[in-house]
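Next comes start15.tsv, a file with TSV, C-alpha atoms.
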chain	number	residue	atom	x	y	z
A	1	MET	CA	9.94	-58.98	-46.60
A	2	GLY	CA	12.29	-56.00	-46.32
A	3	LEU	CA	11.57	-52.49	-45.12
A	4	LEU	CA	12.00	-51.07	-48.62
A	5	ASP	CA	9.17	-53.35	-49.73
A	6	SER	CA	6.93	-51.67	-47.14
A	7	PHE	CA	7.83	-48.28	-48.59
A	8	GLU	CA	6.95	-49.49	-52.08
A	9	ARG	CA	3.60	-50.94	-51.01
A	10	GLY	CA	2.62	-47.74	-49.24
A	11	LEU	CA	3.51	-45.55	-52.18
A	12	GLU	CA	1.62	-47.79	-54.57
A	13	ARG	CA	-1.52	-46.95	-52.58
A	14	ALA	CA	-0.80	-43.25	-52.91
A	15	VAL	CA	-0.39	-43.27	-56.69
A	16	ASN	CA	-2.84	-45.91	-57.86
A	17	GLY	CA	-5.68	-45.24	-60.27
A	18	ALA	CA	-5.46	-41.93	-62.11
A	19	PHE	CA	-2.38	-40.86	-60.16
A	20	ALA	CA	-0.38	-43.76	-61.57
A	21	LYS	CA	-0.31	-42.01	-64.96
A	22	THR	CA	1.80	-39.29	-63.39
A	23	PHE	CA	4.78	-41.63	-63.09
A	24	LYS	CA	5.02	-43.09	-66.58
A	25	SER	CA	8.30	-41.22	-66.97
A	26	GLY	CA	10.68	-39.30	-64.77
A	27	VAL	CA	11.17	-39.88	-61.06
A	28	GLN	CA	9.48	-42.93	-59.54
A	29	PRO	CA	7.89	-43.02	-56.05
A	30	VAL	CA	10.16	-45.85	-54.93
A	31	GLU	CA	13.18	-43.64	-55.65
A	32	ILE	CA	11.81	-40.94	-53.35
A	33	SER	CA	11.07	-43.41	-50.57
A	34	ALA	CA	14.52	-45.01	-50.88
A	35	ALA	CA	16.19	-41.57	-50.78
A	36	LEU	CA	14.28	-40.61	-47.62
A	37	ARG	CA	15.23	-43.89	-46.00
A	38	ARG	CA	18.91	-43.41	-46.85
A	39	GLU	CA	18.80	-39.86	-45.49
A	40	LEU	CA	17.42	-41.07	-42.17
A	41	ASP	CA	19.96	-43.88	-41.87
A	42	THR	CA	22.88	-41.67	-42.91
A	43	LYS	CA	22.04	-38.82	-40.55
A	44	ALA	CA	21.15	-41.02	-37.55
A	45	ALA	CA	23.14	-39.86	-34.52
A	46	ILE	CA	23.46	-41.83	-31.29
A	47	VAL	CA	22.71	-39.40	-28.45
A	48	SER	CA	22.54	-41.98	-25.67
A	49	ARG	CA	22.15	-45.68	-25.23
A	50	ASP	CA	18.39	-45.45	-25.66
A	51	ARG	CA	18.12	-42.57	-28.12
A	52	ILE	CA	19.11	-42.25	-31.77
A	53	LEU	CA	18.27	-38.82	-33.17
A	54	VAL	CA	17.34	-38.28	-36.84
A	55	PRO	CA	16.27	-35.21	-38.87
A	56	ASN	CA	12.59	-34.32	-39.00
A	57	GLU	CA	12.42	-31.81	-41.88
A	58	PHE	CA	13.02	-32.93	-45.45
A	59	THR	CA	13.34	-30.98	-48.70
A	60	ILE	CA	13.03	-33.12	-51.83
A	61	GLY	CA	14.71	-31.47	-54.81
A	62	LEU	CA	13.35	-32.46	-58.23
A	63	SER	CA	13.68	-31.37	-61.81
A	64	PRO	CA	11.00	-28.82	-62.82
A	65	ALA	CA	9.16	-31.48	-64.85
A	66	ASP	CA	9.11	-34.02	-62.00
A	67	HIS	CA	8.20	-31.28	-59.51
A	68	GLU	CA	5.15	-30.35	-61.59
A	69	ARG	CA	3.95	-33.96	-61.74
A	70	LEU	CA	4.49	-34.61	-58.04
A	71	THR	CA	2.85	-31.45	-56.76
A	72	ALA	CA	-0.23	-32.33	-58.83
A	73	LEU	CA	-0.78	-35.19	-56.37
A	74	GLY	CA	-0.95	-32.73	-53.47
A	75	ALA	CA	-1.44	-33.65	-49.82
A	76	PRO	CA	-2.13	-37.41	-50.22
A	77	LEU	CA	1.41	-38.13	-51.40
A	78	VAL	CA	2.95	-35.95	-48.67
A	79	SER	CA	0.85	-37.77	-46.06
A	80	GLU	CA	1.96	-41.14	-47.40
A	81	LEU	CA	5.62	-40.15	-47.34
A	82	THR	CA	5.26	-38.75	-43.82
A	83	GLU	CA	3.76	-42.01	-42.61
A	84	LEU	CA	6.50	-44.08	-44.25
A	85	VAL	CA	9.23	-41.95	-42.67
A	86	GLN	CA	7.48	-42.33	-39.32
A	87	ARG	CA	7.21	-46.11	-39.71
A	88	HIS	CA	10.87	-46.46	-40.65
A	89	ALA	CA	11.86	-44.45	-37.57
A	90	ILE	CA	9.75	-46.68	-35.32
A	91	THR	CA	11.27	-49.83	-36.82
A	92	GLN	CA	14.81	-48.52	-36.37
A	93	ARG	CA	14.03	-46.95	-32.96
A	94	TYR	CA	14.91	-43.47	-34.18
A	95	SER	CA	13.72	-40.31	-32.40
A	96	PHE	CA	12.66	-37.01	-33.98
A	97	PRO	CA	13.29	-33.61	-32.33
A	98	GLY	CA	9.88	-32.43	-33.50
A	99	GLY	CA	7.10	-33.14	-35.98
A	100	ILE	CA	7.88	-34.37	-39.50
A	101	ALA	CA	7.76	-31.87	-42.37
A	102	ILE	CA	8.22	-32.75	-46.06
A	103	ARG	CA	8.23	-30.37	-49.00
A	104	PHE	CA	9.14	-30.50	-52.69
A	105	LEU	CA	11.23	-27.88	-54.48
A	106	ALA	CA	11.95	-27.49	-58.17
A	107	ASP	CA	15.70	-27.45	-58.89
A	108	PRO	CA	16.67	-26.48	-62.47
A	109	GLY	CA	20.07	-28.05	-61.84
A	110	LEU	CA	18.58	-31.55	-61.59
A	111	SER	CA	17.83	-33.73	-64.58
A	112	GLN	CA	14.50	-35.48	-64.95
A	113	GLY	CA	14.40	-38.63	-62.82
A	114	MET	CA	16.90	-37.34	-60.23
A	115	VAL	CA	16.05	-36.92	-56.54
A	116	ASP	CA	18.03	-34.77	-54.08
A	117	VAL	CA	16.96	-35.07	-50.43
A	118	ARG	CA	18.21	-32.53	-47.91
A	119	SER	CA	17.31	-32.70	-44.23
A	120	ALA	CA	17.49	-30.68	-41.04
A	121	SER	CA	16.71	-31.19	-37.38
A	122	THR	CA	14.34	-28.57	-36.01
A	123	GLU	CA	12.80	-28.59	-32.57
A	124	GLY	CA	9.17	-27.66	-32.36
A	125	ARG	CA	5.68	-28.71	-31.41
A	126	VAL	CA	4.24	-31.90	-32.83
A	127	GLU	CA	0.83	-31.74	-34.45
A	128	TRP	CA	-0.88	-35.13	-34.32
A	129	THR	CA	-2.85	-35.52	-37.54
A	130	PRO	CA	-5.40	-38.36	-37.64
A	131	ILE	CA	-6.03	-40.10	-40.96
A	132	LEU	CA	-8.81	-42.50	-41.94
A	133	GLU	CA	-7.97	-44.76	-44.87
A	134	VAL	CA	-11.31	-46.01	-46.22
A	135	ASN	CA	-10.90	-48.74	-48.84
A	136	GLY	CA	-7.49	-47.30	-49.70
A	137	ILE	CA	-8.70	-43.68	-49.96
A	138	ARG	CA	-7.30	-41.27	-47.37
A	139	HIS	CA	-9.40	-38.79	-45.42
A	140	GLU	CA	-7.78	-36.37	-42.99
A	141	ILE	CA	-9.90	-35.90	-39.88
A	142	LYS	CA	-10.51	-32.22	-39.25
A	143	ARG	CA	-13.40	-32.37	-36.82
A	144	ALA	CA	-14.16	-33.82	-33.41
A	145	ARG	CA	-16.78	-36.24	-34.78
A	146	THR	CA	-16.67	-37.99	-38.16
A	147	VAL	CA	-19.56	-40.24	-39.24
A	148	ILE	CA	-19.05	-42.98	-41.83
A	149	GLY	CA	-21.92	-44.67	-43.66
A	150	ARG	CA	-23.70	-45.08	-46.99
A	151	GLY	CA	-26.13	-42.21	-46.49
A	152	SER	CA	-25.61	-38.71	-47.86
A	153	GLU	CA	-25.79	-37.33	-44.32
A	154	ALA	CA	-22.58	-39.16	-43.36
A	155	ASP	CA	-19.33	-37.16	-43.34
A	156	ILE	CA	-17.63	-39.93	-45.33
A	157	THR	CA	-20.04	-41.69	-47.69
A	158	VAL	CA	-19.22	-45.23	-48.81
A	159	GLU	CA	-21.00	-47.20	-51.53
A	160	ASP	CA	-21.51	-50.43	-49.63
A	161	THR	CA	-24.96	-52.02	-49.30
A	162	GLY	CA	-23.71	-53.97	-46.28
A	163	ILE	CA	-23.43	-50.89	-44.07
A	164	SER	CA	-26.01	-48.58	-42.51
A	165	ARG	CA	-26.70	-45.01	-43.55
A	166	LYS	CA	-24.85	-43.88	-40.40
A	167	HIS	CA	-22.76	-46.86	-39.40
A	168	VAL	CA	-19.86	-45.74	-37.19
A	169	GLU	CA	-18.42	-42.52	-35.86
A	170	ILE	CA	-14.82	-41.63	-35.05
A	171	ILE	CA	-14.29	-39.25	-32.13
A	172	TRP	CA	-11.01	-37.28	-31.99
A	173	ASP	CA	-10.10	-35.00	-29.08
A	174	GLY	CA	-6.73	-33.88	-30.43
A	175	LYS	CA	-4.77	-36.67	-28.78
A	176	ARG	CA	-6.93	-39.77	-28.64
A	177	ALA	CA	-9.49	-41.42	-30.91
A	178	GLN	CA	-12.53	-43.57	-30.24
A	179	VAL	CA	-14.83	-45.60	-32.49
A	180	ASN	CA	-18.55	-45.93	-31.77
A	181	ASP	CA	-20.97	-48.20	-33.62
A	182	LEU	CA	-24.13	-46.16	-34.24
A	183	GLY	CA	-26.58	-49.04	-33.81
A	184	SER	CA	-25.80	-50.43	-37.25
A	185	THR	CA	-27.74	-53.41	-38.64
A	186	ASN	CA	-24.74	-55.63	-39.40
A	187	GLY	CA	-22.41	-54.43	-36.65
A	188	SER	CA	-18.74	-53.41	-36.73
A	189	LYS	CA	-15.41	-55.09	-36.01
A	190	LEU	CA	-12.19	-53.68	-34.58
A	191	ASP	CA	-9.08	-55.69	-35.42
A	192	GLY	CA	-11.30	-58.67	-36.18
A	193	LYS	CA	-13.46	-58.54	-33.03
A	194	PRO	CA	-17.03	-57.18	-32.67
A	195	VAL	CA	-17.05	-53.66	-31.25
A	196	LYS	CA	-19.63	-51.21	-29.93
A	197	GLN	CA	-17.27	-48.63	-28.45
A	198	ALA	CA	-13.49	-48.64	-28.04
A	199	LEU	CA	-10.39	-46.48	-28.06
A	200	LEU	CA	-8.41	-46.56	-31.32
A	201	GLU	CA	-4.70	-47.24	-31.43
A	202	PRO	CA	-2.65	-46.17	-34.49
A	203	ASP	CA	-2.99	-48.69	-37.36
A	204	SER	CA	-6.23	-50.11	-35.91
A	205	VAL	CA	-8.49	-51.73	-38.54
A	206	ILE	CA	-12.26	-51.26	-38.51
A	207	ASP	CA	-14.40	-53.54	-40.71
A	208	ILE	CA	-17.97	-52.57	-41.61
A	209	GLY	CA	-19.76	-54.55	-44.31
A	210	ARG	CA	-17.23	-55.01	-47.14
A	211	THR	CA	-15.47	-51.77	-46.18
A	212	ARG	CA	-12.12	-51.65	-44.40
A	213	ILE	CA	-11.09	-48.55	-42.44
A	214	VAL	CA	-7.54	-48.06	-41.16
A	215	PHE	CA	-6.89	-45.43	-38.50
A	216	ARG	CA	-3.47	-43.76	-38.65
A	217	VAL	CA	-1.84	-40.85	-36.83
A	218	LEU	CA	0.90	-38.70	-38.39
A	219	ALA	CA	3.36	-36.69	-36.30
A	220	ARG	CA	3.67	-33.49	-38.33
A	221	ALA	CA	5.48	-30.28	-37.54
A	222	ALA	CA	2.97	-27.78	-36.19
A	223	GLY	CA	2.74	-25.00	-38.75
A	224	GLY	CA	5.81	-26.36	-40.52
A	225	PRO	CA	6.37	-26.61	-44.28
A	226	SER	CA	4.92	-29.54	-46.19
A	227	GLY	CA	3.96	-30.30	-49.75
A	228	ALA	CA	5.03	-28.08	-52.62
A	229	GLY	CA	7.45	-25.27	-52.09
A	230	PRO	CA	8.25	-22.34	-54.36
A	231	GLY	CA	9.70	-23.12	-57.77
A	232	ARG	CA	13.36	-22.60	-57.06
A	233	GLY	CA	16.37	-24.74	-56.32
A	234	ALA	CA	16.63	-26.52	-53.02
A	235	ALA	CA	18.90	-24.86	-50.50
A	236	ARG	CA	22.30	-26.47	-50.33
Rewritten as structure tokens:
Amino acid sequence: MGLLDSFERGLERAVNGAFAKTFKSGVQPVEISAALRRELDTKAAIVSRDRILVPNEFTIGLSPADHERLTALGAPLVSELTELVQRHAITQRYSFPGGIAIRFLADPGLSQGMVDVRSASTEGRVEWTPILEVNGIRHEIKRARTVIGRGSEADITVEDTGISRKHVEIIWDGKRAQVNDLGSTNGSKLDGKPVKQALLEPDSVIDIGRTRIVFRVLARAAGGPSGAGPGRGAAR
């Protein structure tokens, strides 16, 4: 299966359910992902034998109508696009000069359904942003300790009778993550194996009851632009 297929699968997760109605007309998510991929491949520059440098800041120009629909999705779509750009870079062995930043701008000069991607290379600090994908729903971790369970006292509540009220916790120190089973009745699994306590690598899969949790880490630009920008044409 090709890399573009991976982009499509990821974006389907971002726009399923109610969000899918947003794309009945106008620009399609696969067109955005393909445009970002082309931009990376086109701008890739060989710096040395072991390093291929690519841009890390992307401005996606859209017609005003498409811009309005996309920005209604907010941060989840930006996070998904950021992850897909990051995955493509890893596959192609590309390097970024800094964290990844993606923003959308309304361009009156573009017709509905058109996508115009502009990129730039900007050095800066990388902000590692941890994401928990719980049954396909994304949750950005913003605290040192995040508890997952079926009880109302959990930070992320899941409707699953097979898990405990406080089943597992995810510890994040800003650079590394750890999963701890909180003495649950039915136990937890990490990448298919029983786990009580373990460090989490990016794309690790935690199974509790019928619930699947995927741990991801996004390399974002610290304090950089992302999401919706002001309603004006993209800079040329």
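Nearest to Ala34 of chain A of all the residues A:Glu68, A:Val117, A:Val54, A:Ile100 is A:Val117, based on only C-alpha atoms.
With atom CA of Thr161 of chain A on one side and atom CA of Arg210 of chain A on the other, the separation reads 8.6 Å.
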- Message: So that I can see what lies close to Glu153 of chain A, please list as a ChimeraX atom specification the residues with an atom at most 8 Å from it, counting all atoms listed in the file and leaving out residues fewer than 3 positions away in the same chain.
- Response: /A:157,165-166
- Shell around segment 200-207 of chain A at 6 Å using all atoms listed in the file, local window under 6 positions removed, as a ChimeraX atom specification: /A:177-178,188-191,213-217
- Item | Option closest in space to Gly26 of chain A, from A:Lys175, A:Lys193, A:Arg145, A:Arg69 [counting all atoms listed in the file] | A:Arg69
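Here atom CA of Gln112 of chain A stands at a distance of 10.9 Å from atom CA of Gly61 of chain A.
Closest approach to Asp173 of chain A among A:Pro130, A:Gly74, A:Pro97, A:Gly113: A:Pro130, based on only C-alpha atoms.
Here atom CA of Asp116 of chain A and atom CA of Asn56 of chain A stand 16.0 Å from one another.
Comparing the minimum interatomic distances between Arg103 of chain A and each of A:Thr129, A:Thr91, A:Thr59, A:Gln86, counting all atoms listed in the file, we find that A:Thr59 sits nearest.
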